[in-house]
Amino acid sequence: MTDTALPTAVIEPNKTSRFLPWLWAIYLACSWTWCIGMFLPVILMRYYGLGAWFVFAIPNVLGAAAMGWVLKSTRSSEKIVAKHHTACVAFSAVTLSFHAYWLFMLSVAGIIPPAWSITAIVAGTVFALIRPGDWRIDLVLAVLVLAVSLTVLGKGLSHPVIGDRRGMRDEQALVAILSLGPVCVFGFLLCPYLDVTFHRARQMTSAPGSRIAFGFGFGLFFLAMIVLTMLYEGDFADRPGTQDHFGSFGFAALVTWVACHMAVQAGFTWGAHLRSLPTFRKSHAALWGIAILLFGAGAFVIVQNQWTDSGHAMLMSEAVYRCYMAFYGLVFPAYVWLCMTPLRNRQPKLNARNLIILGATIAVAGVMFYLGFIAQKMPWLLPGVSIVIAARTLIQTESLDPSVSAVNS
């Protein structure tokens with residue numbers, strides 16, 4: 001097995017075990033509970049109301065779960081990582097950079113204690129170094145992490161309060177939600193195929209087992225995690241010393257209970273990605289360098305603005321967060337669509353011409369995504385997604401060969 005998502009010294013599980021798929025379901029839910037699922041609904045619901053949560057949640061759950069059906073064999077997953085290892089590494093590098101930025105952002109904002117953020121990254125790194133080929137460690141830690149988050153969820157459900165505040169008029173919120181929908185479908189449908197933790201789970205389960213793992217992992221366990229996000233969304237409007245209570249926790253529990261959930265889940269995701277990466281190549285060093293620069297730029301923005309008024313500082317940090325989201329709403333799904341996905345027995349060639357088309361498409365669509373997400377002119381997202389989809393007509397393809405199929409075999 002060369003350049004697959006699994007280390008060469010991996011311990012193969014007994015794929016016939018009836019309990020194994022359920023444990024991988026827990027692993028998948030925890031590895032996918034990111035700084036996106038734990039925070040993006042907070043931003044969306046603040047501006048666009050409760051409807052935005054459903055626009056985010058439904059494509060997220062269905063798109064991630066679908067991978068268990070689309071990849072019909074272990075070999076199909078191995079082929080993806082072997083052929084597209086650079087893209088998979090880029091996905092993990094940006095994801096870890098995003099988590100580091102997000103933890104720093106919330107620490108500066110006083111939501112997560114800085115010691116907890118540092119501990120999450122250190123613990124995740126240590127987790128990654130302990131026998132990375134031993135899948136049993138992944139599963140045991142995933143169960144413990146899920147137990148922590150379910151405990152926090154239980155506290156939230158003991159006093160459920162769901163905020164439905166809007167920063168726009170209702171008509172504008174509806175337009176925004178309708179514009180956001182195609183971006184969520186496009187991103188969440190395609191991004192999973194670059195996630196090395198998904199490939200680790202797929203390669204460790206049988207075909208029936210993978211459907212259980214992905215189906216219940218996202219349709220049950222991960223869904224519970226984003227329900228938790230909906231419960232504490234309103235608490236981000238609370239402030240110490242006030243009597244306002246817009247969410248299920250209140251500010252005091254937000255910076256303790258919810259902060260613990262966030263730090264634990266982020267630490268697990270950090271370690272899970274490092275454990276699942278393909279064999280390191282010298283060419284990957286540039287990707288990690290770019291990821292470090294992204295974090296440095298984001299952290300610089302926060303530090304430069306923390307001495308200004310709090311509202312301006314929060315807007316600046318949120319703008320950086322939205323820029324990170326461009327990778328998952330545009331860059332990575334565009335790569336999967338234009339360079340990986342087979343259609344009508346034809347698959348894209350992975351050549352210089354197609355990569356140039358990919359870059360040009362991202363550049364043009366990126367302007368429209370900027371107008372939508374940063375300038376808050378949401379209808380611009382629709383032509384942005386349409387351009388990426390239409391660019392497929394310019395891509396050079398070749399006959400689909402089952403022995404080298406990138407997505408499905």
# chains A, B, ... in the order shown; residues from 1 in each chain; ligands from 1
call {"tool": "residues_around", "arguments": {"residues": "A:Phe214", "least_positions_apart": "4", "cutoff": "8 Å", "atoms": "only C-alpha atoms", "output": "ChimeraX atom specification"}}
result
/A:25,28,64-68,210,218-219
call {"tool": "closest_atom_pairs", "arguments": {"of": "stretch 111-201 of chain A", "to": "stretch 83-92 of chain A", "cutoff": "8 Å", "atoms": "only C-alpha atoms", "output": "Markdown table"}}
result
| residue | atom | partner | partner_atom | distance |
| --- | --- | --- | --- | --- |
| A:Leu194 | CA | A:Cys88 | CA | 4.8 |
| A:Asp195 | CA | A:Cys88 | CA | 6.4 |
| A:Val196 | CA | A:Cys88 | CA | 6.5 |
call {"tool": "select_by_dssp", "arguments": {"residues": "stretch 190-270 of chain A", "states": "helix (DSSP H, G or I)", "output": "number ranges by chain"}}
result
A: 190-194, 196-203, 207-237, 250-270
call {"tool": "atom_distance", "arguments": {"atom1": "atom CA of A:Ser386", "atom2": "atom CA of A:Met38"}}
result
28.1 Å
call {"tool": "residues_around", "arguments": {"residues": "A:Leu150", "least_positions_apart": "4", "cutoff": "9 Å", "atoms": "only C-alpha atoms", "output": "ChimeraX atom specification"}}
result
/A:145-146,154-155,224-225,228,261
call {"tool": "closest_residue", "arguments": {"among": "A:Val94, A:Asn351, A:Ala263, A:Leu287", "to": "A:Phe332", "atoms": "only C-alpha atoms"}}
result
A:Val94
call {"tool": "residues_around", "arguments": {"residues": "A:Leu274", "least_positions_apart": "5", "cutoff": "9 Å", "atoms": "only C-alpha atoms", "output": "list in words"}}
result
Ser92, Leu96, Gly124, Thr125, Phe127, Ala128, Leu129, Pro132 and Thr269 of chain A
call {"tool": "residues_around", "arguments": {"residues": "A:Ala297", "least_positions_apart": "4", "cutoff": "12 Å", "atoms": "only C-alpha atoms", "output": "PyMOL selection string"}}
result
chain A and resi 97-98+100-101+290-293+301-304+316-317+320-321+323-324
call {"tool": "write_last_selection", "arguments": {"atoms": "C-alpha atoms", "output": "PDB file, in the first residue's frame"}}
result
ATOM      1  CA  SER A  97      -4.124  25.875  10.435  1.00  0.00           C
ATOM      2  CA  PHE A  98      -7.813  26.790  10.660  1.00  0.00           C
ATOM      3  CA  ALA A 100      -5.074  26.793  15.410  1.00  0.00           C
ATOM      4  CA  TYR A 101      -6.442  30.167  14.294  1.00  0.00           C
ATOM      5  CA  ILE A 290       1.620  27.964   3.527  1.00  0.00           C
ATOM      6  CA  ALA A 291      -0.613  26.671   6.324  1.00  0.00           C
ATOM      7  CA  ILE A 292       1.690  28.219   8.931  1.00  0.00           C
ATOM      8  CA  LEU A 293       1.677  31.526   7.038  1.00  0.00           C
ATOM      9  CA  VAL A 301      -4.947  40.517  12.330  1.00  0.00           C
ATOM     10  CA  ILE A 302      -6.322  39.604  15.763  1.00  0.00           C
ATOM     11  CA  VAL A 303      -3.337  40.985  17.658  1.00  0.00           C
ATOM     12  CA  GLN A 304      -3.413  44.222  15.678  1.00  0.00           C
ATOM     13  CA  MET A 316     -11.949  41.448  11.875  1.00  0.00           C
ATOM     14  CA  SER A 317     -11.427  37.998  13.412  1.00  0.00           C
ATOM     15  CA  VAL A 320     -10.455  35.950   8.723  1.00  0.00           C
ATOM     16  CA  TYR A 321     -12.650  32.997   9.733  1.00  0.00           C
ATOM     17  CA  CYS A 323     -11.652  33.691   4.465  1.00  0.00           C
ATOM     18  CA  TYR A 324     -10.649  30.262   5.799  1.00  0.00           C
TER      19      TYR A 324
END
call {"tool": "atom_distance", "arguments": {"atom1": "atom CA of A:Asp170", "atom2": "atom CA of A:Leu254"}}
result
27.9 Å
call {"tool": "atom_distance", "arguments": {"atom1": "atom CA of A:Phe54", "atom2": "atom CA of A:Gly209"}}
result
27.8 Å
call {"tool": "closest_residue", "arguments": {"among": "A:Ala253, A:Tyr48, A:Val388, A:Pro342", "to": "A:Gln172", "atoms": "only C-alpha atoms"}}
result
A:Tyr48
call {"tool": "residues_around", "arguments": {"residues": "A:Leu371", "least_positions_apart": "5", "cutoff": "8 Å", "atoms": "only C-alpha atoms", "output": "list in words"}}
result
Gln376, Lys377, Met378, Trp380 and Leu381 of chain A
call {"tool": "select_by_dssp", "arguments": {"residues": "stretch 163-401 of chain A", "states": "strand (DSSP E or B)", "output": "list in words"}}
result
Arg166, Leu343, Arg346, Gln347, Pro348, Thr397, Glu398 and Ser399 of chain A
call {"tool": "write_last_selection", "arguments": {"atoms": "N, CA and C atoms", "output": "PDB file, in the first residue's frame"}}
result
ATOM      1  N   ARG A 166     -31.856  37.996  14.339  1.00  0.00           N
ATOM      2  CA  ARG A 166     -31.453  38.301  12.969  1.00  0.00           C
ATOM      3  C   ARG A 166     -30.811  39.672  12.923  1.00  0.00           C
ATOM      4  N   LEU A 343     -17.645  11.363 -14.484  1.00  0.00           N
ATOM      5  CA  LEU A 343     -19.007  11.542 -14.974  1.00  0.00           C
ATOM      6  C   LEU A 343     -19.144  10.833 -16.310  1.00  0.00           C
ATOM      7  N   ARG A 346     -16.330   8.969 -17.841  1.00  0.00           N
ATOM      8  CA  ARG A 346     -15.159   9.770 -18.140  1.00  0.00           C
ATOM      9  C   ARG A 346     -14.641  10.352 -16.828  1.00  0.00           C
ATOM     10  N   GLN A 347     -13.320  10.438 -16.698  1.00  0.00           N
ATOM     11  CA  GLN A 347     -12.736  11.027 -15.497  1.00  0.00           C
ATOM     12  C   GLN A 347     -11.747  12.116 -15.894  1.00  0.00           C
ATOM     13  N   PRO A 348     -11.590  13.151 -15.068  1.00  0.00           N
ATOM     14  CA  PRO A 348     -10.662  14.242 -15.416  1.00  0.00           C
ATOM     15  C   PRO A 348      -9.218  13.751 -15.439  1.00  0.00           C
ATOM     16  N   THR A 397     -10.767  15.101 -20.253  1.00  0.00           N
ATOM     17  CA  THR A 397     -11.104  13.854 -19.576  1.00  0.00           C
ATOM     18  C   THR A 397     -10.573  12.666 -20.357  1.00  0.00           C
ATOM     19  N   GLU A 398     -10.634  11.517 -19.713  1.00  0.00           N
ATOM     20  CA  GLU A 398     -10.239  10.270 -20.363  1.00  0.00           C
ATOM     21  C   GLU A 398     -11.220   9.189 -19.966  1.00  0.00           C
ATOM     22  N   SER A 399     -11.205   8.090 -20.687  1.00  0.00           N
ATOM     23  CA  SER A 399     -12.128   6.995 -20.391  1.00  0.00           C
ATOM     24  C   SER A 399     -11.901   6.504 -18.967  1.00  0.00           C
TER      25      SER A 399
END
call {"tool": "residues_around", "arguments": {"residues": "A:Val148", "least_positions_apart": "3", "cutoff": "12 Å", "atoms": "only C-alpha atoms", "output": "PyMOL selection string"}}
result
chain A and resi 30+141-145+151-155+225+257-265+268
call {"tool": "write_last_selection", "arguments": {"atoms": "C-alpha atoms", "output": "compact mmCIF listing (two decimals), in the first residue's frame"}}
result
# COMPACT_ATOMS: atom_id res chain seq x y z
CA CYS A 30 -15.49 13.39 16.37
CA LEU A 141 -10.09 8.27 22.38
CA ALA A 142 -13.04 8.96 20.09
CA VAL A 143 -15.40 7.32 22.60
CA LEU A 144 -13.94 9.41 25.44
CA VAL A 145 -14.21 12.62 23.41
CA THR A 151 -22.27 15.42 28.71
CA VAL A 152 -22.19 19.04 27.59
CA LEU A 153 -25.13 18.37 25.27
CA GLY A 154 -27.07 16.92 28.20
CA LYS A 155 -26.50 20.09 30.20
CA MET A 225 -22.85 17.79 17.91
CA TRP A 257 -18.70 23.63 29.69
CA VAL A 258 -18.91 24.64 26.03
CA ALA A 259 -15.26 25.72 25.97
CA CYS A 260 -14.30 22.24 27.21
CA HIS A 261 -16.34 20.64 24.41
CA MET A 262 -14.66 22.85 21.82
CA ALA A 263 -11.13 22.27 23.09
CA VAL A 264 -11.55 18.48 23.40
CA GLN A 265 -13.08 18.09 19.94
CA PHE A 268 -9.04 15.12 18.71
